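Text of the file input.cif, holding mmCIF, C-alpha atoms:
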```cif
data_upload
loop_
_atom_site.label_atom_id
_atom_site.label_comp_id
_atom_site.auth_asym_id
_atom_site.auth_seq_id
_atom_site.Cartn_x
_atom_site.Cartn_y
_atom_site.Cartn_z
CA MET A 1 -41.86 -117.40 124.88
CA PHE A 2 -40.83 -119.31 127.95
CA ALA A 3 -44.42 -119.43 129.12
CA THR A 4 -45.48 -121.31 126.00
CA ALA A 5 -42.53 -123.68 126.46
CA THR A 6 -43.53 -124.24 130.10
CA ILE A 7 -47.15 -124.95 129.19
CA ALA A 8 -46.11 -127.29 126.38
CA LEU A 9 -43.81 -129.16 128.75
CA LEU A 10 -46.63 -129.52 131.27
CA VAL A 11 -48.89 -130.93 128.54
CA ILE A 12 -46.18 -133.42 127.53
CA MET A 13 -45.74 -134.45 131.15
CA CYS A 14 -49.49 -134.99 131.51
CA LEU A 15 -49.47 -137.21 128.42
CA ALA A 16 -46.60 -139.17 129.89
CA LEU A 17 -48.57 -139.54 133.12
CA VAL A 18 -51.53 -140.86 131.14
CA ARG A 19 -49.29 -143.56 129.74
CA ALA A 20 -47.92 -144.22 133.23
CA PHE A 21 -51.41 -144.86 134.61
CA ARG A 22 -52.69 -146.76 131.60
CA GLY A 23 -49.58 -148.75 130.75
CA PRO A 24 -50.48 -152.46 130.87
CA LYS A 25 -47.08 -153.63 132.03
CA ILE A 26 -44.58 -152.36 134.58
CA PHE A 27 -42.09 -151.48 131.85
CA ASP A 28 -44.49 -149.02 130.20
CA ARG A 29 -44.79 -147.28 133.53
CA ILE A 30 -41.04 -147.06 134.02
CA LEU A 31 -40.70 -145.71 130.51
CA ALA A 32 -43.33 -143.04 131.17
CA VAL A 33 -41.73 -142.08 134.48
CA ASN A 34 -38.33 -141.88 132.79
CA MET A 35 -39.74 -139.54 130.15
CA PHE A 36 -41.52 -137.57 132.87
CA GLY A 37 -38.18 -137.17 134.65
CA THR A 38 -36.32 -135.83 131.67
CA LYS A 39 -39.16 -133.43 130.95
CA THR A 40 -38.95 -132.26 134.56
CA VAL A 41 -35.32 -131.38 133.99
CA LEU A 42 -36.36 -129.28 131.01
CA LEU A 43 -39.19 -127.72 132.97
CA ILE A 44 -36.76 -126.69 135.71
CA ALA A 45 -34.42 -125.13 133.14
CA VAL A 46 -37.19 -123.28 131.28
CA TYR A 47 -38.80 -122.09 134.51
CA GLY A 48 -35.39 -120.88 135.67
CA PHE A 49 -35.22 -118.77 132.54
CA LEU A 50 -38.85 -117.67 132.88
CA THR A 51 -38.28 -116.18 136.33
CA GLY A 52 -34.77 -115.02 135.49
CA ARG A 53 -33.03 -117.16 138.12
CA PRO A 54 -30.07 -119.07 136.64
CA GLU A 55 -29.53 -121.13 139.84
CA PHE A 56 -32.32 -123.47 138.70
CA LEU A 57 -29.90 -125.04 136.22
CA ASP A 58 -27.98 -126.62 139.09
CA LEU A 59 -31.22 -128.30 140.12
CA GLY A 60 -31.62 -129.47 136.53
CA ILE A 61 -28.19 -131.05 136.47
CA PHE A 62 -28.83 -132.76 139.78
CA TYR A 63 -32.27 -134.00 138.80
CA ALA A 64 -31.00 -135.42 135.50
CA LEU A 65 -28.61 -137.66 137.44
CA ILE A 66 -31.10 -138.61 140.12
CA ASN A 67 -33.67 -139.55 137.48
CA PHE A 68 -31.20 -141.88 135.81
CA VAL A 69 -30.25 -143.51 139.11
CA GLY A 70 -33.94 -143.96 139.92
CA VAL A 71 -34.70 -145.69 136.64
CA ILE A 72 -31.75 -148.05 137.00
CA ALA A 73 -32.70 -148.79 140.62
CA ALA A 74 -36.27 -149.57 139.61
CA LEU A 75 -35.07 -151.86 136.82
CA LYS A 76 -32.63 -153.64 139.10
CA PHE A 77 -35.34 -154.07 141.69
CA ILE A 78 -37.78 -155.51 139.15
CA GLU A 79 -35.60 -157.76 137.09
CA ARG A 80 -33.05 -158.52 139.86
CA LEU A 81 -30.18 -157.99 137.41
CA GLU A 82 -27.04 -159.27 139.04
CA PHE A 83 -24.64 -156.61 137.71
CA TYR A 84 -21.94 -157.57 140.19
CA ASP A 85 -22.96 -160.98 141.52
CA GLU A 86 -22.58 -162.56 138.03
CA ARG A 87 -18.83 -162.12 138.17
CA GLU A 88 -18.51 -163.91 141.53
CA GLU A 89 -20.64 -166.85 140.36
CA ARG A 90 -18.56 -167.60 137.25
CA MET M 1 -29.08 -108.33 117.17
CA ASP M 2 -31.71 -109.00 119.82
CA VAL M 3 -34.39 -109.86 117.25
CA VAL M 4 -32.15 -112.45 115.62
CA THR M 5 -31.44 -114.33 118.84
CA ASP M 6 -35.10 -114.21 119.81
CA LEU M 7 -36.07 -115.56 116.42
CA ILE M 8 -33.50 -118.36 116.58
CA SER M 9 -34.53 -119.37 120.09
CA TRP M 10 -38.18 -119.19 119.04
CA ILE M 11 -37.44 -121.63 116.21
CA PHE M 12 -35.56 -124.00 118.50
CA LEU M 13 -38.18 -123.89 121.23
CA GLY M 14 -40.95 -124.43 118.69
CA LEU M 15 -39.11 -127.41 117.25
CA GLY M 16 -38.55 -128.77 120.75
CA ILE M 17 -42.21 -128.38 121.64
CA PHE M 18 -43.26 -130.09 118.40
CA LEU M 19 -40.88 -133.01 118.98
CA GLY M 20 -41.95 -133.36 122.59
CA LEU M 21 -45.61 -133.43 121.68
CA THR M 22 -45.13 -135.94 118.88
CA GLY M 23 -43.04 -138.11 121.22
CA ALA M 24 -45.75 -137.97 123.86
CA PHE M 25 -48.47 -138.80 121.32
CA GLY M 26 -46.31 -141.66 120.06
CA LEU M 27 -45.96 -142.85 123.64
CA LEU M 28 -49.74 -143.03 123.89
CA ARG M 29 -50.72 -144.36 120.50
CA PHE M 30 -48.10 -146.98 119.69
CA PRO M 31 -49.38 -150.55 120.10
CA ASP M 32 -46.40 -152.21 121.70
CA PHE M 33 -43.86 -151.48 124.43
CA TYR M 34 -40.86 -151.59 122.13
CA THR M 35 -42.35 -149.04 119.74
CA ARG M 36 -43.19 -146.80 122.69
CA VAL M 37 -39.58 -146.87 123.81
CA HIS M 38 -38.68 -145.61 120.36
CA ALA M 39 -41.15 -142.75 120.58
CA ALA M 40 -40.16 -141.78 124.11
CA SER M 41 -36.43 -141.85 123.50
CA ILE M 42 -36.74 -139.74 120.36
CA SER M 43 -38.61 -137.09 122.30
CA ASP M 44 -36.11 -137.44 125.12
CA THR M 45 -32.92 -136.72 123.25
CA LEU M 46 -33.80 -134.43 120.32
CA CYS M 47 -36.48 -132.44 122.10
CA THR M 48 -34.02 -131.84 124.94
CA ALA M 49 -31.38 -130.69 122.49
CA CYS M 50 -33.80 -128.23 120.86
CA PHE M 51 -34.87 -126.81 124.22
CA ILE M 52 -31.31 -126.47 125.46
CA PHE M 53 -30.17 -124.76 122.27
CA GLY M 54 -33.20 -122.48 122.39
CA LEU M 55 -32.35 -121.44 125.94
CA ALA M 56 -28.63 -121.18 125.20
CA PHE M 57 -29.29 -118.54 122.55
CA GLN M 58 -31.21 -116.53 125.09
CA SER M 59 -28.44 -116.41 127.64
CA GLY M 60 -25.53 -115.50 125.43
CA PHE M 61 -22.07 -116.83 126.19
CA ASN M 62 -21.58 -117.20 129.95
CA LEU M 63 -21.74 -119.67 132.83
CA VAL M 64 -25.46 -120.23 132.36
CA THR M 65 -24.88 -121.52 128.84
CA ALA M 66 -22.11 -123.77 130.15
CA LYS M 67 -24.53 -125.25 132.68
CA LEU M 68 -27.12 -125.70 129.96
CA PHE M 69 -24.69 -127.70 127.86
CA ILE M 70 -23.68 -129.74 130.92
CA ILE M 71 -27.36 -130.65 131.30
CA LEU M 72 -27.53 -131.49 127.60
CA ILE M 73 -24.48 -133.75 127.75
CA LEU M 74 -25.80 -135.49 130.87
CA LEU M 75 -29.21 -136.10 129.35
CA TRP M 76 -27.64 -137.35 126.11
CA LEU M 77 -25.60 -139.84 128.11
CA THR M 78 -28.20 -141.01 130.58
CA GLY M 79 -31.22 -141.13 128.27
CA PRO M 80 -30.08 -143.82 125.87
CA ALA M 81 -28.40 -145.72 128.69
CA ALA M 82 -31.65 -145.81 130.64
CA SER M 83 -33.61 -146.83 127.54
CA HIS M 84 -31.12 -149.61 126.84
CA ALA M 85 -31.31 -150.91 130.38
CA LEU M 86 -35.09 -150.73 130.24
CA VAL M 87 -35.39 -152.67 126.99
CA ARG M 88 -32.81 -155.23 128.13
CA ALA M 89 -34.73 -155.76 131.36
CA ALA M 90 -38.00 -156.06 129.44
CA HIS M 91 -36.47 -158.51 126.98
CA THR M 92 -34.93 -160.74 129.65
CA ALA M 93 -38.22 -160.59 131.53
CA GLY M 94 -39.75 -162.23 128.47
CA LEU M 95 -41.70 -159.39 126.89
CA LYS M 96 -42.20 -160.39 123.26
CA PRO M 97 -42.39 -157.66 120.56
CA ILE M 98 -45.30 -157.77 118.12
CA THR M 99 -44.26 -159.39 114.80
CA GLU M 100 -46.37 -159.89 111.65
CA ASN M 101 -47.47 -163.43 112.53
CA SER M 102 -48.71 -162.44 116.02
CA ASP M 103 -52.14 -160.85 116.31
#
```
Structure translated into C-alpha coordinates:
Amino acid sequence: MFATATIALLVIMCLALVRAFRGPKIFDRILAVNMFGTKTVLLIAVYGFLTGRPEFLDLGIFYALINFVGVIAALKFIERLEFYDEREER
Amino acid sequence: MDVVTDLISWIFLGLGIFLGLTGAFGLLRFPDFYTRVHAASISDTLCTACFIFGLAFQSGFNLVTAKLFIILILLWLTGPAASHALVRAAHTAGLKPITENSD
(Lines of atoms letter the chains of each structure in order from A and count residues from 1; the text may use other names and numbers.)
(Lines give C-alpha, C1' and ligand atoms only; values in the text may rest on other atoms or scores of the structure.)
Protein backbone atom coordinates (compact mmCIF):
# COMPACT_ATOMS: atom_id res chain seq x y z
CA MET A 1 0.00 0.00 0.00
CA PHE A 2 2.73 2.41 0.95
CA ALA A 3 4.80 1.27 -1.99
CA THR A 4 2.10 2.35 -4.43
CA ALA A 5 1.82 5.68 -2.61
CA THR A 6 5.60 6.14 -2.80
CA ILE A 7 5.69 5.36 -6.51
CA ALA A 8 2.75 7.67 -7.19
CA LEU A 9 4.46 10.46 -5.27
CA LEU A 10 7.65 9.94 -7.28
CA VAL A 11 5.64 10.17 -10.52
CA ILE A 12 3.99 13.40 -9.31
CA MET A 13 7.38 14.82 -8.41
CA CYS A 14 8.74 13.95 -11.86
CA LEU A 15 5.79 15.74 -13.47
CA ALA A 16 6.49 18.75 -11.30
CA LEU A 17 10.12 18.63 -12.39
CA VAL A 18 9.02 18.57 -16.02
CA ARG A 19 7.13 21.79 -15.41
CA ALA A 20 10.15 23.20 -13.57
CA PHE A 21 12.41 22.60 -16.58
CA ARG A 22 9.87 23.63 -19.20
CA GLY A 23 8.28 26.55 -17.41
CA PRO A 24 8.70 29.65 -19.60
CA LYS A 25 8.95 32.11 -16.73
CA ILE A 26 10.72 32.09 -13.39
CA PHE A 27 7.42 31.97 -11.52
CA ASP A 28 6.41 28.66 -13.12
CA ARG A 29 9.67 27.23 -11.89
CA ILE A 30 9.15 28.47 -8.35
CA LEU A 31 5.64 27.06 -8.41
CA ALA A 32 6.92 23.66 -9.56
CA VAL A 33 9.68 23.65 -6.94
CA ASN A 34 7.15 24.60 -4.26
CA MET A 35 4.94 21.69 -5.28
CA PHE A 36 7.99 19.43 -5.43
CA GLY A 37 8.82 20.46 -1.85
CA THR A 38 5.43 19.66 -0.43
CA LYS A 39 5.44 16.32 -2.22
CA THR A 40 8.85 15.63 -0.69
CA VAL A 41 7.32 16.13 2.73
CA LEU A 42 4.69 13.55 1.88
CA LEU A 43 7.29 11.22 0.45
CA ILE A 44 9.27 11.40 3.69
CA ALA A 45 6.15 10.62 5.72
CA VAL A 46 5.06 7.72 3.50
CA TYR A 47 8.57 6.29 3.34
CA GLY A 48 8.77 6.55 7.12
CA PHE A 49 5.67 4.40 7.30
CA LEU A 50 6.93 2.06 4.58
CA THR A 51 10.08 1.18 6.52
CA GLY A 52 8.33 1.36 9.87
CA ARG A 53 10.44 4.20 11.26
CA PRO A 54 8.27 6.95 12.79
CA GLU A 55 11.25 9.32 13.28
CA PHE A 56 10.92 10.35 9.62
CA LEU A 57 7.93 12.49 10.54
CA ASP A 58 10.22 14.91 12.37
CA LEU A 59 12.09 15.34 9.10
CA GLY A 60 8.76 15.97 7.40
CA ILE A 61 7.83 18.71 9.83
CA PHE A 62 11.22 20.32 9.43
CA TYR A 63 11.20 20.09 5.65
CA ALA A 64 7.71 21.60 5.41
CA LEU A 65 8.99 24.73 7.16
CA ILE A 66 12.25 24.90 5.25
CA ASN A 67 10.40 24.59 1.95
CA PHE A 68 8.18 27.52 2.83
CA VAL A 69 11.15 29.66 3.88
CA GLY A 70 12.90 28.76 0.63
CA VAL A 71 9.97 29.80 -1.53
CA ILE A 72 9.59 33.12 0.28
CA ALA A 73 13.35 33.75 0.05
CA ALA A 74 13.32 33.05 -3.68
CA LEU A 75 10.36 35.38 -4.18
CA LYS A 76 11.95 38.13 -2.12
CA PHE A 77 15.17 37.73 -4.05
CA ILE A 78 13.39 37.93 -7.40
CA GLU A 79 10.87 40.64 -6.85
CA ARG A 80 12.88 42.53 -4.18
CA LEU A 81 9.75 42.92 -2.03
CA GLU A 82 10.52 45.41 0.67
CA PHE A 83 8.56 43.74 3.50
CA TYR A 84 10.26 45.84 6.15
CA ASP A 85 11.87 48.72 4.27
CA GLU A 86 8.44 50.03 3.12
CA ARG A 87 7.57 51.04 6.66
CA GLU A 88 10.75 53.10 7.10
CA GLU A 89 10.25 54.92 3.79
CA ARG A 90 6.71 56.12 4.57
CA MET B 1 -10.97 -4.24 12.91
CA ASP B 2 -7.71 -4.39 10.98
CA VAL B 3 -9.46 -4.82 7.63
CA VAL B 4 -11.58 -1.72 8.21
CA THR B 5 -8.63 0.56 8.93
CA ASP B 6 -6.73 -0.84 5.96
CA LEU B 7 -9.72 -0.25 3.74
CA ILE B 8 -10.19 3.31 4.98
CA SER B 9 -6.52 4.15 4.57
CA TRP B 10 -6.57 2.53 1.12
CA ILE B 11 -9.45 4.82 0.14
CA PHE B 12 -7.69 7.91 1.48
CA LEU B 13 -4.37 7.06 -0.13
CA GLY B 14 -6.08 6.30 -3.44
CA LEU B 15 -7.90 9.63 -3.30
CA GLY B 16 -4.65 11.39 -2.45
CA ILE B 17 -2.83 9.73 -5.33
CA PHE B 18 -5.65 10.64 -7.73
CA LEU B 19 -5.66 14.28 -6.59
CA GLY B 20 -1.89 14.51 -6.77
CA LEU B 21 -1.80 13.13 -10.28
CA THR B 22 -4.58 15.39 -11.52
CA GLY B 23 -2.83 18.37 -9.90
CA ALA B 24 0.43 17.45 -11.60
CA PHE B 25 -1.30 16.98 -14.97
CA GLY B 26 -3.03 20.33 -14.46
CA LEU B 27 0.36 21.86 -13.71
CA LEU B 28 1.59 20.63 -17.08
CA ARG B 29 -1.39 21.21 -19.30
CA PHE B 30 -2.81 24.54 -18.18
CA PRO B 31 -2.01 27.39 -20.58
CA ASP B 32 -1.23 30.18 -18.17
CA PHE B 33 0.73 30.69 -14.96
CA TYR B 34 -2.29 31.71 -12.90
CA THR B 35 -4.24 28.60 -13.85
CA ARG B 36 -1.22 26.46 -13.00
CA VAL B 37 -1.09 27.98 -9.53
CA HIS B 38 -4.68 26.86 -9.12
CA ALA B 39 -3.87 23.31 -10.16
CA ALA B 40 -0.74 23.08 -8.03
CA SER B 41 -2.31 24.49 -4.89
CA ILE B 42 -5.30 22.16 -5.14
CA SER B 43 -2.98 19.17 -5.30
CA ASP B 44 -0.91 20.68 -2.50
CA THR B 45 -3.57 21.05 0.14
CA LEU B 46 -6.21 18.36 -0.50
CA CYS B 47 -3.82 15.66 -1.67
CA THR B 48 -1.74 16.27 1.45
CA ALA B 49 -4.82 15.99 3.63
CA CYS B 50 -5.80 12.68 2.01
CA PHE B 51 -2.31 11.25 2.45
CA ILE B 52 -2.06 12.38 6.05
CA PHE B 53 -5.46 10.95 6.92
CA GLY B 54 -4.59 7.72 5.13
CA LEU B 55 -1.41 7.38 7.17
CA ALA B 56 -3.11 8.47 10.39
CA PHE B 57 -5.54 5.56 10.15
CA GLN B 58 -2.62 3.20 9.85
CA SER B 59 -0.89 4.34 13.00
CA GLY B 60 -3.81 4.40 15.39
CA PHE B 61 -3.97 6.99 18.14
CA ASN B 62 -0.46 7.84 19.38
CA LEU B 63 2.41 10.30 19.01
CA VAL B 64 2.95 9.38 15.37
CA THR B 65 -0.58 10.50 14.51
CA ALA B 66 -0.01 13.72 16.44
CA LYS B 67 3.10 14.40 14.35
CA LEU B 68 1.16 13.61 11.19
CA PHE B 69 -1.46 16.19 12.07
CA ILE B 70 1.26 18.71 12.95
CA ILE B 71 2.61 18.21 9.42
CA LEU B 72 -0.89 18.61 8.02
CA ILE B 73 -1.51 21.85 9.91
CA LEU B 74 1.88 23.22 8.84
CA LEU B 75 1.32 22.38 5.19
CA TRP B 76 -2.19 23.85 5.30
CA LEU B 77 -0.76 27.08 6.67
CA THR B 78 2.34 27.40 4.53
CA GLY B 79 0.90 26.18 1.21
CA PRO B 80 -1.66 28.89 0.60
CA ALA B 81 0.65 31.51 2.07
CA ALA B 82 3.39 30.54 -0.37
CA SER B 83 0.94 30.49 -3.28
CA HIS B 84 -0.35 33.93 -2.30
CA ALA B 85 3.14 35.36 -2.08
CA LEU B 86 4.00 33.76 -5.42
CA VAL B 87 0.98 35.17 -7.24
CA ARG B 88 1.45 38.59 -5.64
CA ALA B 89 5.08 38.64 -6.74
CA ALA B 90 4.10 37.54 -10.24
CA HIS B 91 1.36 40.16 -10.44
CA THR B 92 3.57 43.02 -9.25
CA ALA B 93 6.25 41.81 -11.65
CA GLY B 94 3.74 42.50 -14.40
CA LEU B 95 2.67 39.01 -15.44
CA LYS B 96 -0.68 39.43 -17.18
CA PRO B 97 -3.28 36.61 -16.98
CA ILE B 98 -4.87 35.42 -20.22
CA THR B 99 -8.31 37.03 -20.75
CA GLU B 100 -10.79 36.42 -23.61
CA ASN B 101 -9.58 39.35 -25.72
CA SER B 102 -5.90 38.28 -25.57
CA ASP B 103 -4.76 35.55 -27.93
Tell me the residues of chain A close to chain M, meaning within 9 Å using only C-alpha atoms, as a VMD selection string.
-> chain A and resid 1 to 2 4 to 5 8 to 9 11 to 13 15 to 16 18 to 19 23 25 27 to 28 30 to 32 34 to 35 38 to 39 41 to 42 45 to 46 49 54 to 55 57 to 58 60 to 62 64 to 65 67 to 69 71 to 72 75 to 76 78 to 79 81
At what distance in Å, to one decimal, does atom CA of Leu50 of chain A lie from atom CA of Asn62 of chain M?
-> 17.5 Å
Work out how far atom CA of Tyr47 of chain A is from atom CA of Tyr63 of chain A, in Å to one decimal.
-> 14.2 Å
Export: segment 46-58 of chain M, N, CA and C atoms, as a PDB file, in the first residue's frame:
```
ATOM      1  N   LEU M  46      -5.272  19.470  -0.709  1.00  0.00           N
ATOM      2  CA  LEU M  46      -6.207  18.359  -0.498  1.00  0.00           C
ATOM      3  C   LEU M  46      -5.502  17.019  -0.614  1.00  0.00           C
ATOM      4  N   CYS M  47      -4.552  16.931  -1.529  1.00  0.00           N
ATOM      5  CA  CYS M  47      -3.820  15.665  -1.670  1.00  0.00           C
ATOM      6  C   CYS M  47      -3.038  15.406  -0.397  1.00  0.00           C
ATOM      7  N   THR M  48      -2.458  16.446   0.180  1.00  0.00           N
ATOM      8  CA  THR M  48      -1.736  16.270   1.451  1.00  0.00           C
ATOM      9  C   THR M  48      -2.685  15.794   2.527  1.00  0.00           C
ATOM     10  N   ALA M  49      -3.868  16.388   2.589  1.00  0.00           N
ATOM     11  CA  ALA M  49      -4.821  15.991   3.628  1.00  0.00           C
ATOM     12  C   ALA M  49      -5.176  14.523   3.463  1.00  0.00           C
ATOM     13  N   CYS M  50      -5.411  14.084   2.220  1.00  0.00           N
ATOM     14  CA  CYS M  50      -5.800  12.682   2.014  1.00  0.00           C
ATOM     15  C   CYS M  50      -4.665  11.756   2.433  1.00  0.00           C
ATOM     16  N   PHE M  51      -3.426  12.119   2.074  1.00  0.00           N
ATOM     17  CA  PHE M  51      -2.309  11.248   2.446  1.00  0.00           C
ATOM     18  C   PHE M  51      -2.181  11.190   3.959  1.00  0.00           C
ATOM     19  N   ILE M  52      -2.266  12.356   4.602  1.00  0.00           N
ATOM     20  CA  ILE M  52      -2.055  12.377   6.049  1.00  0.00           C
ATOM     21  C   ILE M  52      -3.150  11.572   6.753  1.00  0.00           C
ATOM     22  N   PHE M  53      -4.401  11.714   6.271  1.00  0.00           N
ATOM     23  CA  PHE M  53      -5.463  10.949   6.919  1.00  0.00           C
ATOM     24  C   PHE M  53      -5.266   9.457   6.663  1.00  0.00           C
ATOM     25  N   GLY M  54      -4.826   9.130   5.415  1.00  0.00           N
ATOM     26  CA  GLY M  54      -4.585   7.721   5.126  1.00  0.00           C
ATOM     27  C   GLY M  54      -3.537   7.136   6.044  1.00  0.00           C
ATOM     28  N   LEU M  55      -2.468   7.905   6.296  1.00  0.00           N
ATOM     29  CA  LEU M  55      -1.410   7.385   7.173  1.00  0.00           C
ATOM     30  C   LEU M  55      -1.874   7.383   8.621  1.00  0.00           C
ATOM     31  N   ALA M  56      -2.697   8.383   8.981  1.00  0.00           N
ATOM     32  CA  ALA M  56      -3.109   8.470  10.390  1.00  0.00           C
ATOM     33  C   ALA M  56      -3.928   7.241  10.759  1.00  0.00           C
ATOM     34  N   PHE M  57      -4.737   6.747   9.822  1.00  0.00           N
ATOM     35  CA  PHE M  57      -5.540   5.562  10.150  1.00  0.00           C
ATOM     36  C   PHE M  57      -4.656   4.342  10.357  1.00  0.00           C
ATOM     37  N   GLN M  58      -3.493   4.365   9.706  1.00  0.00           N
ATOM     38  CA  GLN M  58      -2.620   3.196   9.855  1.00  0.00           C
ATOM     39  C   GLN M  58      -1.958   3.177  11.219  1.00  0.00           C
TER      40      GLN M  58
END
```
